[in-house]
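Shown next: start39.json, containing JSON, C-alpha atoms and all ligand atoms.
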[["chain", "number", "residue", "atom", "x", "y", "z"],
["A", 1, "MET", "CA", -3.92, -3.39, 18.24],
["A", 2, "LEU", "CA", -2.07, -0.64, 16.33],
["A", 3, "LYS", "CA", -4.06, 2.52, 15.60],
["A", 4, "PRO", "CA", -4.42, 3.00, 11.82],
["A", 5, "PHE", "CA", -2.57, 5.95, 10.35],
["A", 6, "ILE", "CA", -4.84, 8.12, 8.20],
["A", 7, "ALA", "CA", -2.84, 10.44, 5.98],
["A", 8, "ASP", "CA", -4.62, 13.79, 6.17],
["A", 9, "HIS", "CA", -1.91, 15.81, 4.41],
["A", 10, "PRO", "CA", -3.54, 18.39, 2.07],
["A", 11, "LEU", "CA", -1.55, 17.18, -0.97],
["A", 12, "ILE", "CA", -2.74, 13.61, -0.41],
["A", 13, "GLN", "CA", -6.35, 14.69, 0.16],
["A", 14, "HIS", "CA", -6.32, 16.80, -3.02],
["A", 15, "LYS", "CA", -4.99, 13.92, -5.10],
["A", 16, "VAL", "CA", -7.48, 11.45, -3.58],
["A", 17, "THR", "CA", -10.31, 13.77, -4.66],
["A", 18, "LEU", "CA", -9.01, 13.71, -8.25],
["A", 19, "LEU", "CA", -8.68, 9.92, -8.02],
["A", 20, "ARG", "CA", -12.32, 9.54, -6.99],
["A", 21, "ASP", "CA", -13.59, 11.62, -9.93],
["A", 22, "ARG", "CA", -15.25, 9.34, -12.50],
["A", 23, "ASN", "CA", -13.98, 11.65, -15.28],
["A", 24, "THR", "CA", -10.31, 11.10, -14.39],
["A", 25, "SER", "CA", -8.61, 9.22, -17.25],
["A", 26, "SER", "CA", -6.63, 5.99, -16.76],
["A", 27, "LYS", "CA", -3.42, 7.90, -17.47],
["A", 28, "GLN", "CA", -4.17, 10.51, -14.80],
["A", 29, "PHE", "CA", -5.41, 7.78, -12.44],
["A", 30, "ARG", "CA", -2.10, 5.89, -12.71],
["A", 31, "GLU", "CA", -0.09, 9.08, -12.14],
["A", 32, "LEU", "CA", -2.18, 9.97, -9.08],
["A", 33, "ILE", "CA", -1.81, 6.48, -7.56],
["A", 34, "ARG", "CA", 1.96, 6.73, -8.02],
["A", 35, "GLU", "CA", 2.13, 10.21, -6.47],
["A", 36, "ILE", "CA", -0.11, 9.35, -3.50],
["A", 37, "THR", "CA", 1.90, 6.20, -2.82],
["A", 38, "GLY", "CA", 5.14, 8.19, -2.75],
["A", 39, "LEU", "CA", 3.67, 10.67, -0.28],
["A", 40, "MET", "CA", 2.30, 7.88, 1.91],
["A", 41, "CYS", "CA", 5.62, 5.99, 1.82],
["A", 42, "TYR", "CA", 7.17, 9.06, 3.34],
["A", 43, "GLU", "CA", 5.00, 8.42, 6.42],
["A", 44, "ALA", "CA", 5.31, 4.63, 6.37],
["A", 45, "THR", "CA", 9.12, 4.83, 6.42],
["A", 46, "ARG", "CA", 9.26, 7.43, 9.21],
["A", 47, "ASP", "CA", 10.53, 4.84, 11.72],
["A", 48, "LEU", "CA", 13.48, 3.63, 9.60],
["A", 49, "PRO", "CA", 16.56, 3.67, 11.83],
["A", 50, "THR", "CA", 19.41, 6.02, 10.91],
["A", 51, "CYS", "CA", 23.07, 6.06, 11.88],
["A", 52, "GLU", "CA", 25.64, 8.81, 12.11],
["A", 53, "VAL", "CA", 28.29, 9.08, 9.40],
["A", 54, "THR", "CA", 31.00, 11.61, 8.58],
["A", 55, "VAL", "CA", 30.63, 13.50, 5.33],
["A", 56, "GLU", "CA", 32.89, 16.10, 3.73],
["A", 57, "THR", "CA", 31.05, 19.05, 2.21],
["A", 58, "PRO", "CA", 32.92, 21.51, -0.06],
["A", 59, "ILE", "CA", 33.29, 23.64, 3.10],
["A", 60, "ALA", "CA", 33.96, 21.30, 6.04],
["A", 61, "LYS", "CA", 33.76, 17.81, 7.50],
["A", 62, "THR", "CA", 30.56, 17.16, 9.44],
["A", 63, "LYS", "CA", 28.56, 14.40, 11.08],
["A", 64, "SER", "CA", 25.27, 13.61, 9.37],
["A", 65, "ARG", "CA", 22.73, 10.77, 9.27],
["A", 66, "LYS", "CA", 22.02, 7.93, 6.80],
["A", 67, "ILE", "CA", 19.48, 5.07, 6.73],
["A", 68, "ALA", "CA", 21.06, 2.29, 8.80],
["A", 69, "GLY", "CA", 20.82, -0.39, 6.12],
["A", 70, "ARG", "CA", 17.33, -1.59, 7.01],
["A", 71, "LYS", "CA", 16.05, -3.95, 4.32],
["A", 72, "LEU", "CA", 12.59, -3.34, 2.89],
["A", 73, "ALA", "CA", 10.35, -5.32, 0.57],
["A", 74, "PHE", "CA", 7.22, -4.02, -1.14],
["A", 75, "VAL", "CA", 4.55, -6.60, -1.92],
["A", 76, "PRO", "CA", 1.76, -5.41, -4.23],
["A", 77, "ILE", "CA", -1.47, -7.42, -4.33],
["A", 78, "LEU", "CA", -2.24, -8.03, -8.01],
["A", 79, "ARG", "CA", -3.59, -6.40, -9.96],
["A", 80, "ALA", "CA", -4.34, -2.98, -8.51],
["A", 81, "GLY", "CA", -1.38, -2.98, -6.10],
["A", 82, "LEU", "CA", 0.93, -2.92, -9.12],
["A", 83, "GLY", "CA", -0.09, 0.70, -9.65],
["A", 84, "MET", "CA", 1.56, 1.60, -6.33],
["A", 85, "VAL", "CA", 4.94, 0.00, -6.95],
["A", 86, "ASP", "CA", 6.63, 2.81, -8.92],
["A", 87, "GLY", "CA", 5.73, 5.44, -6.32],
["A", 88, "ALA", "CA", 7.16, 3.27, -3.54],
["A", 89, "VAL", "CA", 10.35, 2.27, -5.36],
["A", 90, "GLU", "CA", 11.12, 5.86, -6.35],
["A", 91, "LEU", "CA", 11.48, 6.55, -2.62],
["A", 92, "VAL", "CA", 13.29, 3.32, -1.67],
["A", 93, "PRO", "CA", 15.15, 2.13, -4.80],
["A", 94, "SER", "CA", 16.98, -0.65, -2.93],
["A", 95, "ALA", "CA", 13.74, -2.37, -1.87],
["A", 96, "ARG", "CA", 12.93, -5.84, -3.19],
["A", 97, "ILE", "CA", 9.52, -6.51, -4.74],
["A", 98, "GLY", "CA", 7.35, -9.57, -4.11],
["A", 99, "HIS", "CA", 4.00, -10.27, -5.78],
["A", 100, "ILE", "CA", 0.80, -11.83, -4.49],
["A", 101, "GLY", "CA", -1.99, -12.59, -6.95],
["A", 102, "LEU", "CA", -5.53, -12.56, -5.56],
["A", 103, "TYR", "CA", -8.95, -11.74, -6.92],
["A", 104, "ARG", "CA", -12.31, -11.53, -5.21],
["A", 105, "ASP", "CA", -14.76, -14.21, -6.22],
["A", 106, "GLU", "CA", -17.75, -12.27, -7.55],
["A", 107, "THR", "CA", -20.34, -14.29, -5.66],
["A", 108, "THR", "CA", -18.67, -15.15, -2.34],
["A", 109, "MET", "CA", -16.44, -12.01, -2.24],
["A", 110, "LYS", "CA", -13.73, -14.27, -0.80],
["A", 111, "PRO", "CA", -10.16, -13.95, -2.11],
["A", 112, "VAL", "CA", -8.95, -16.54, -4.61],
["A", 113, "GLU", "CA", -5.17, -17.08, -4.56],
["A", 114, "TYR", "CA", -3.41, -17.47, -7.93],
["A", 115, "TYR", "CA", 0.20, -16.32, -7.48],
["A", 116, "CYS", "CA", 2.82, -15.81, -4.78],
["A", 117, "LYS", "CA", 6.46, -14.92, -5.38],
["A", 118, "LEU", "CA", 8.31, -13.32, -2.47],
["A", 119, "PRO", "CA", 11.99, -12.36, -2.04],
["A", 120, "GLY", "CA", 14.08, -15.32, -0.86],
["A", 121, "ASP", "CA", 15.50, -13.32, 2.05],
["A", 122, "ILE", "CA", 12.13, -12.04, 3.25],
["A", 123, "GLY", "CA", 12.99, -13.29, 6.75],
["A", 124, "GLU", "CA", 15.49, -10.40, 6.98],
["A", 125, "ARG", "CA", 13.12, -7.77, 5.61],
["A", 126, "ASP", "CA", 10.42, -5.36, 6.72],
["A", 127, "VAL", "CA", 7.48, -5.72, 4.35],
["A", 128, "ILE", "CA", 5.03, -3.07, 3.15],
["A", 129, "VAL", "CA", 2.01, -4.63, 1.42],
["A", 130, "LEU", "CA", 0.46, -2.41, -1.26],
["A", 131, "ASP", "CA", -3.17, -2.40, -2.42],
["A", 132, "PRO", "CA", -5.18, 0.75, -3.12],
["A", 133, "MET", "CA", -8.46, -0.72, -1.81],
["A", 134, "LEU", "CA", -9.34, -2.28, 1.56],
["A", 135, "ALA", "CA", -13.00, -3.28, 1.18],
["A", 136, "THR", "CA", -14.11, -6.39, 3.12],
["A", 137, "GLY", "CA", -10.47, -6.93, 4.10],
["A", 138, "GLY", "CA", -10.45, -10.48, 2.75],
["A", 139, "SER", "CA", -7.65, -9.90, 0.23],
["A", 140, "ALA", "CA", -5.38, -8.03, 2.66],
["A", 141, "ILE", "CA", -5.93, -10.62, 5.42],
["A", 142, "ASP", "CA", -5.12, -13.48, 3.06],
["A", 143, "ALA", "CA", -2.05, -11.77, 1.56],
["A", 144, "ILE", "CA", -0.63, -10.90, 4.97],
["A", 145, "GLY", "CA", -1.28, -14.48, 6.12],
["A", 146, "GLN", "CA", 0.74, -15.80, 3.17],
["A", 147, "ILE", "CA", 3.61, -13.40, 3.93],
["A", 148, "LYS", "CA", 3.59, -14.25, 7.66],
["A", 149, "GLN", "CA", 4.17, -17.92, 6.82],
["A", 150, "ARG", "CA", 7.58, -16.81, 5.45],
["A", 151, "GLY", "CA", 8.51, -15.01, 8.69],
["A", 152, "PRO", "CA", 9.39, -11.41, 7.72],
["A", 153, "ARG", "CA", 10.73, -9.02, 10.37],
["A", 154, "SER", "CA", 7.59, -6.87, 10.26],
["A", 155, "ILE", "CA", 4.59, -6.11, 8.02],
["A", 156, "LYS", "CA", 2.78, -2.85, 7.27],
["A", 157, "PHE", "CA", -0.25, -2.52, 5.01],
["A", 158, "MET", "CA", -0.67, 0.55, 2.81],
["A", 159, "CYS", "CA", -3.89, 1.33, 0.97],
["A", 160, "ILE", "CA", -5.43, 4.49, -0.40],
["A", 161, "ILE", "CA", -9.10, 3.99, 0.47],
["A", 162, "ALA", "CA", -10.37, 1.84, 3.32],
["A", 163, "ALA", "CA", -13.88, 0.85, 4.35],
["A", 164, "PRO", "CA", -14.59, 0.67, 8.10],
["A", 165, "GLU", "CA", -15.62, -3.00, 7.68],
["A", 166, "GLY", "CA", -12.28, -3.94, 6.09],
["A", 167, "LEU", "CA", -10.22, -1.96, 8.56],
["A", 168, "LYS", "CA", -11.97, -3.69, 11.48],
["A", 169, "ALA", "CA", -11.55, -7.15, 9.95],
["A", 170, "LEU", "CA", -7.88, -6.56, 9.13],
["A", 171, "THR", "CA", -6.91, -5.13, 12.52],
["A", 172, "GLU", "CA", -8.70, -8.02, 14.26],
["A", 173, "ALA", "CA", -7.05, -10.67, 12.09],
["A", 174, "HIS", "CA", -3.58, -9.09, 12.17],
["A", 175, "PRO", "CA", -3.39, -6.74, 15.20],
["A", 176, "ASP", "CA", 0.41, -6.47, 14.81],
["A", 177, "VAL", "CA", 0.18, -4.93, 11.32],
["A", 178, "GLN", "CA", 0.25, -1.13, 11.08],
["A", 179, "VAL", "CA", -2.29, 0.10, 8.51],
["A", 180, "TYR", "CA", -1.77, 3.29, 6.50],
["A", 181, "CYS", "CA", -4.59, 4.76, 4.43],
["A", 182, "ALA", "CA", -5.38, 8.10, 2.82],
["A", 183, "ALA", "CA", -9.15, 7.98, 3.38],
["A", 184, "LEU", "CA", -11.52, 6.05, 5.62],
["A", 185, "ASP", "CA", -14.83, 5.96, 3.71],
["A", 186, "GLU", "CA", -18.43, 5.42, 4.83],
["A", 187, "CYS", "CA", -19.31, 1.77, 4.18],
["A", 188, "LEU", "CA", -19.57, -1.04, 1.64],
["A", 189, "ASN", "CA", -22.51, -1.34, -0.77],
["A", 190, "GLU", "CA", -24.42, -4.57, -1.53],
["A", 191, "ASN", "CA", -21.69, -5.61, -4.00],
["A", 192, "CYS", "CA", -18.95, -4.98, -1.42],
["A", 193, "TYR", "CA", -17.69, -1.87, -3.23],
["A", 194, "ILE", "CA", -16.50, 1.00, -1.09],
["A", 195, "VAL", "CA", -18.93, 3.96, -0.81],
["A", 196, "PRO", "CA", -18.14, 6.59, -2.02],
["A", 197, "GLY", "CA", -14.80, 4.96, -2.98],
["A", 198, "LEU", "CA", -13.46, 5.32, -6.48],
["A", 199, "GLY", "CA", -14.96, 2.32, -8.27],
["A", 200, "ASP", "CA", -12.90, -0.67, -9.36],
["A", 201, "ALA", "CA", -9.26, 0.31, -8.88],
["A", 202, "GLY", "CA", -7.83, -2.43, -11.13],
["A", 203, "ASP", "CA", -10.18, -1.55, -13.99],
["A", 204, "ARG", "CA", -9.41, 2.16, -13.67],
["A", 205, "ILE", "CA", -5.63, 1.60, -13.59],
["A", 206, "PHE", "CA", -5.56, -0.82, -16.51],
["A", 207, "GLY", "CA", -8.54, 0.55, -18.48],
["A", 208, "THR", "CA", -10.26, -2.85, -18.52],
["A", 209, "LYS", "CA", -13.87, -1.75, -18.23],
["B", 301, "LIG", "C1", -9.61, -5.36, -5.46],
["B", 301, "LIG", "C2", -8.58, -4.57, -4.70],
["B", 301, "LIG", "C3", -8.27, -5.47, -3.52],
["B", 301, "LIG", "C4", -9.59, -6.12, -3.27],
["B", 301, "LIG", "C5", -10.22, -5.48, -2.07],
["B", 301, "LIG", "O1", -9.02, -6.34, -6.21],
["B", 301, "LIG", "O2", -7.45, -4.23, -5.45],
["B", 301, "LIG", "O3", -7.27, -6.43, -3.80],
["B", 301, "LIG", "O4", -10.42, -5.90, -4.41],
["B", 301, "LIG", "O5", -11.39, -6.12, -1.72],
["B", 301, "LIG", "P1", -11.54, -6.93, -0.36],
["B", 301, "LIG", "O6", -10.98, -6.06, 0.72],
["B", 301, "LIG", "O7", -13.04, -7.11, -0.24],
["B", 301, "LIG", "O8", -10.83, -8.23, -0.49],
["B", 301, "LIG", "P2", -9.89, -7.31, -7.19],
["B", 301, "LIG", "O9", -10.31, -8.51, -6.42],
["B", 301, "LIG", "O10", -10.97, -6.51, -7.83],
["B", 301, "LIG", "O11", -8.84, -7.81, -8.23],
["B", 301, "LIG", "P3", -8.04, -7.00, -9.36],
["B", 301, "LIG", "O12", -7.09, -6.05, -8.64],
["B", 301, "LIG", "O13", -7.32, -8.07, -10.09],
["B", 301, "LIG", "O14", -9.02, -6.24, -10.21],
["B", 302, "LIG", "N1", -12.15, -3.37, -5.02],
["B", 302, "LIG", "C1", -12.14, -2.19, -5.71],
["B", 302, "LIG", "O1", -11.37, -2.04, -6.66],
["B", 302, "LIG", "N2", -12.99, -1.24, -5.32],
["B", 302, "LIG", "C2", -13.84, -1.38, -4.29],
["B", 302, "LIG", "O2", -14.60, -0.44, -3.99],
["B", 302, "LIG", "C3", -13.84, -2.59, -3.60],
["B", 302, "LIG", "C4", -12.97, -3.57, -3.97]]

How does this structure look as structure tokens?
Ligand code: PRP
Ligand code: URA
Amino acid sequence: MLKPFIADHPLIQHKVTLLRDRNTSSKQFRELIREITGLMCYEATRDLPTCEVTVETPIAKTKSRKIAGRKLAFVPILRAGLGMVDGAVELVPSARIGHIGLYRDETTMKPVEYYCKLPGDIGERDVIVLDPMLATGGSAIDAIGQIKQRGPRSIKFMCIIAAPEGLKALTEAHPDVQVYCAALDECLNENCYIVPGLGDAGDRIFGTK
């Protein structure tokens, strides 16, 4: 089982605090999600292979390093994962984007699948699944299961806030998937919301409440 990576960088922690604040507007909330995702992508892409190339500066020829053509795909879980796409793509503009549509049934809390469109060449790609919230883990486990059926090279899961219950369920269901999060919170409440969390991420991104 891979140890989860918890991003404790001061910039990320500062922005997560603003994100949690109930008085943060939808506009600010969207900007913060984008910024945090970019900073976290920096960590999640740390193992990308590089190769040596020759480059000519205005002064001299030198050997330097470039990304060795590794193919990435980002897969946001709709809806809230959509808020993370821009921050990820700003860092890796060549990445392909897939989409998985899931919502939690309000009584069972189980994920309900409604959409799945993944890049045709996903078998040649490393996938980073994006969703700001890992609560019970049901949505992440289901989405990763759908992606695994298409045989990608590897899968990572990136969220902003995780509950211990969801992290445990996800790492047990998919021990090969590296999880990145910015905060590991206390617990879930009786409605399976993360405590202290930030509320309903989709509603705060899209202003639907
Ligand atoms: C939220 C969130 C995750 C899911 C996490 O989505 O974005 O996808 O809940 O909960 P879980 O770990 O218990 O499955 P939601 O179902 O509210 O749908 P939405 O993004 O369309 O609002
Ligand atoms: N989904 C959210 O958006 N927030 C939570 O706290 C749990 C699930």

Could you make a table, as a Markdown table, of the residues of chain A that have an atom within 10 Å of an atom of ligand LIG 301 (chain B), each with its nearest atom pair and distance in Å to one decimal, counting all atoms listed in the file, in chain and number order?
| residue | atom | partner | partner_atom | distance |
| --- | --- | --- | --- | --- |
| A:Pro76 | CA | B:LIG301 | O3 | 9.1 |
| A:Ile77 | CA | B:LIG301 | O3 | 5.9 |
| A:Leu78 | CA | B:LIG301 | O12 | 5.3 |
| A:Arg79 | CA | B:LIG301 | O12 | 3.8 |
| A:Ala80 | CA | B:LIG301 | O12 | 4.1 |
| A:Gly81 | CA | B:LIG301 | O2 | 6.2 |
| A:Leu82 | CA | B:LIG301 | O12 | 8.6 |
| A:Gly83 | CA | B:LIG301 | O12 | 9.8 |
| A:Ile100 | CA | B:LIG301 | O3 | 9.7 |
| A:Gly101 | CA | B:LIG301 | O13 | 7.7 |
| A:Leu102 | CA | B:LIG301 | O9 | 6.3 |
| A:Tyr103 | CA | B:LIG301 | O9 | 3.5 |
| A:Arg104 | CA | B:LIG301 | O9 | 3.8 |
| A:Asp105 | CA | B:LIG301 | O9 | 7.2 |
| A:Glu106 | CA | B:LIG301 | O9 | 8.4 |
| A:Met109 | CA | B:LIG301 | O7 | 6.3 |
| A:Lys110 | CA | B:LIG301 | O8 | 6.7 |
| A:Pro111 | CA | B:LIG301 | O8 | 6.0 |
| A:Val112 | CA | B:LIG301 | O9 | 8.3 |
| A:Leu130 | CA | B:LIG301 | O3 | 9.1 |
| A:Asp131 | CA | B:LIG301 | O2 | 5.6 |
| A:Pro132 | CA | B:LIG301 | O2 | 5.9 |
| A:Met133 | CA | B:LIG301 | C2 | 4.8 |
| A:Leu134 | CA | B:LIG301 | O6 | 4.2 |
| A:Ala135 | CA | B:LIG301 | O6 | 3.5 |
| A:Thr136 | CA | B:LIG301 | O7 | 3.6 |
| A:Gly137 | CA | B:LIG301 | O6 | 3.5 |
| A:Gly138 | CA | B:LIG301 | O8 | 4.0 |
| A:Ser139 | CA | B:LIG301 | O8 | 3.7 |
| A:Ala140 | CA | B:LIG301 | O6 | 6.2 |
| A:Ile141 | CA | B:LIG301 | O8 | 8.0 |
| A:Asp142 | CA | B:LIG301 | O8 | 8.5 |
| A:Ala143 | CA | B:LIG301 | O3 | 9.2 |
| A:Cys159 | CA | B:LIG301 | O2 | 9.2 |
| A:Ile161 | CA | B:LIG301 | C5 | 9.9 |
| A:Ala162 | CA | B:LIG301 | O6 | 8.3 |
| A:Ala163 | CA | B:LIG301 | O6 | 8.3 |
| A:Glu165 | CA | B:LIG301 | O6 | 8.9 |
| A:Gly166 | CA | B:LIG301 | O6 | 5.9 |
| A:Leu167 | CA | B:LIG301 | O6 | 8.9 |
| A:Ala169 | CA | B:LIG301 | O6 | 9.3 |
| A:Leu170 | CA | B:LIG301 | O6 | 9.0 |
| A:Leu188 | CA | B:LIG301 | O7 | 9.1 |
| A:Asn191 | CA | B:LIG301 | O7 | 9.6 |
| A:Cys192 | CA | B:LIG301 | O7 | 6.4 |
| A:Tyr193 | CA | B:LIG301 | O7 | 7.6 |
| A:Ile194 | CA | B:LIG301 | O5 | 8.8 |
| A:Gly199 | CA | B:LIG301 | O10 | 9.7 |
| A:Asp200 | CA | B:LIG301 | O10 | 6.3 |
| A:Ala201 | CA | B:LIG301 | O2 | 6.0 |
| A:Gly202 | CA | B:LIG301 | O14 | 4.1 |
| A:Asp203 | CA | B:LIG301 | O14 | 6.1 |
| A:Arg204 | CA | B:LIG301 | O14 | 9.1 |
| A:Ile205 | CA | B:LIG301 | O14 | 9.2 |
| A:Phe206 | CA | B:LIG301 | O14 | 9.0 |
| A:Thr208 | CA | B:LIG301 | O14 | 9.1 |

> Hey, what's within 10 Å of Thr171 in chain A if we count only C-alpha atoms and toss same-chain stuff fewer than 2 positions away? As an MDAnalysis selection string, please?
Replying inline: chainID A and resid 1:4 137 141 166:169 173:179

>> Between A:Met158, A:Leu11, A:Leu184, A:Val195, which residue has the minimum interatomic distance to Leu39 in chain A, considering all atoms listed in the file?
In response: A:Leu11

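Distances here use all atoms listed in the file; by that measure, the residue among A:Pro49, A:Gly207, A:Gly38, A:Gly120 closest to Lys15 in chain A is A:Gly38.
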
May I have the centre and edge lengths, in Å to one decimal, of an axis-aligned box around the listed atoms of ligand LIG 302 (chain B) with 8 Å added to every side, as AutoDock Vina command-line options?
--center_x -13.0 --center_y -2.0 --center_z -5.1 --size_x 19.2 --size_y 19.1 --size_z 19.1

> Using only C-alpha atoms and all ligand atoms, which of the listed residues (A:His14, A:Lys209, A:Arg150, A:Arg65) sits closest to ligand LIG 302 (chain B)?
Replying inline: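 Counting only C-alpha atoms and all ligand atoms, the residue closest to ligand LIG 302 (chain B) is A:Lys209.
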
> Which distance in Å separates CA of Thr54 in chain A and CA of Lys66 in chain A, to one decimal?
Replying inline: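 Separation of CA of Thr54 in chain A and CA of Lys66 in chain A: 9.9 Å.
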
>> Nearest residue to ligand LIG 302 (chain B) out of A:Pro164, A:Gly69, A:Pro196, A:Pro119, using all atoms listed in the file?
In response: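 Result for the nearest residue to ligand LIG 302 (chain B): A:Pro196.
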
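Nearest residue to ligand LIG 302 (chain B), choosing from A:Ala73, A:Ile144, A:Ile160, A:Ala182 and counting only C-alpha atoms and all ligand atoms: A:Ile160.
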
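Here CA of Ile67 in chain A and CA of Ile33 in chain A stand 25.7 Å from one another.
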
>> Calculated over all atoms listed in the file, which of the candidates A:Glu31, A:Arg20, A:Thr62, A:Gly98 has the smallest distance to ligand LIG 302 (chain B)?
In response: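 Checking each of A:Glu31, A:Arg20, A:Thr62, A:Gly98 against ligand LIG 302 (chain B), counting all atoms listed in the file, the winner is A:Arg20.
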
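Atom pair CA of Val16 in chain A / CA of His99 in chain A has a distance of 24.7 Å (rounded to one decimal).
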
>> Need to verify the contact set: Ala7 in chain A, 9 Å, only C-alpha atoms, exclusion of same-chain residues closer than 5 positions in sequence. Can you return it as a ChimeraX atom specification?
In response: /A:12-13,40,43,180-183
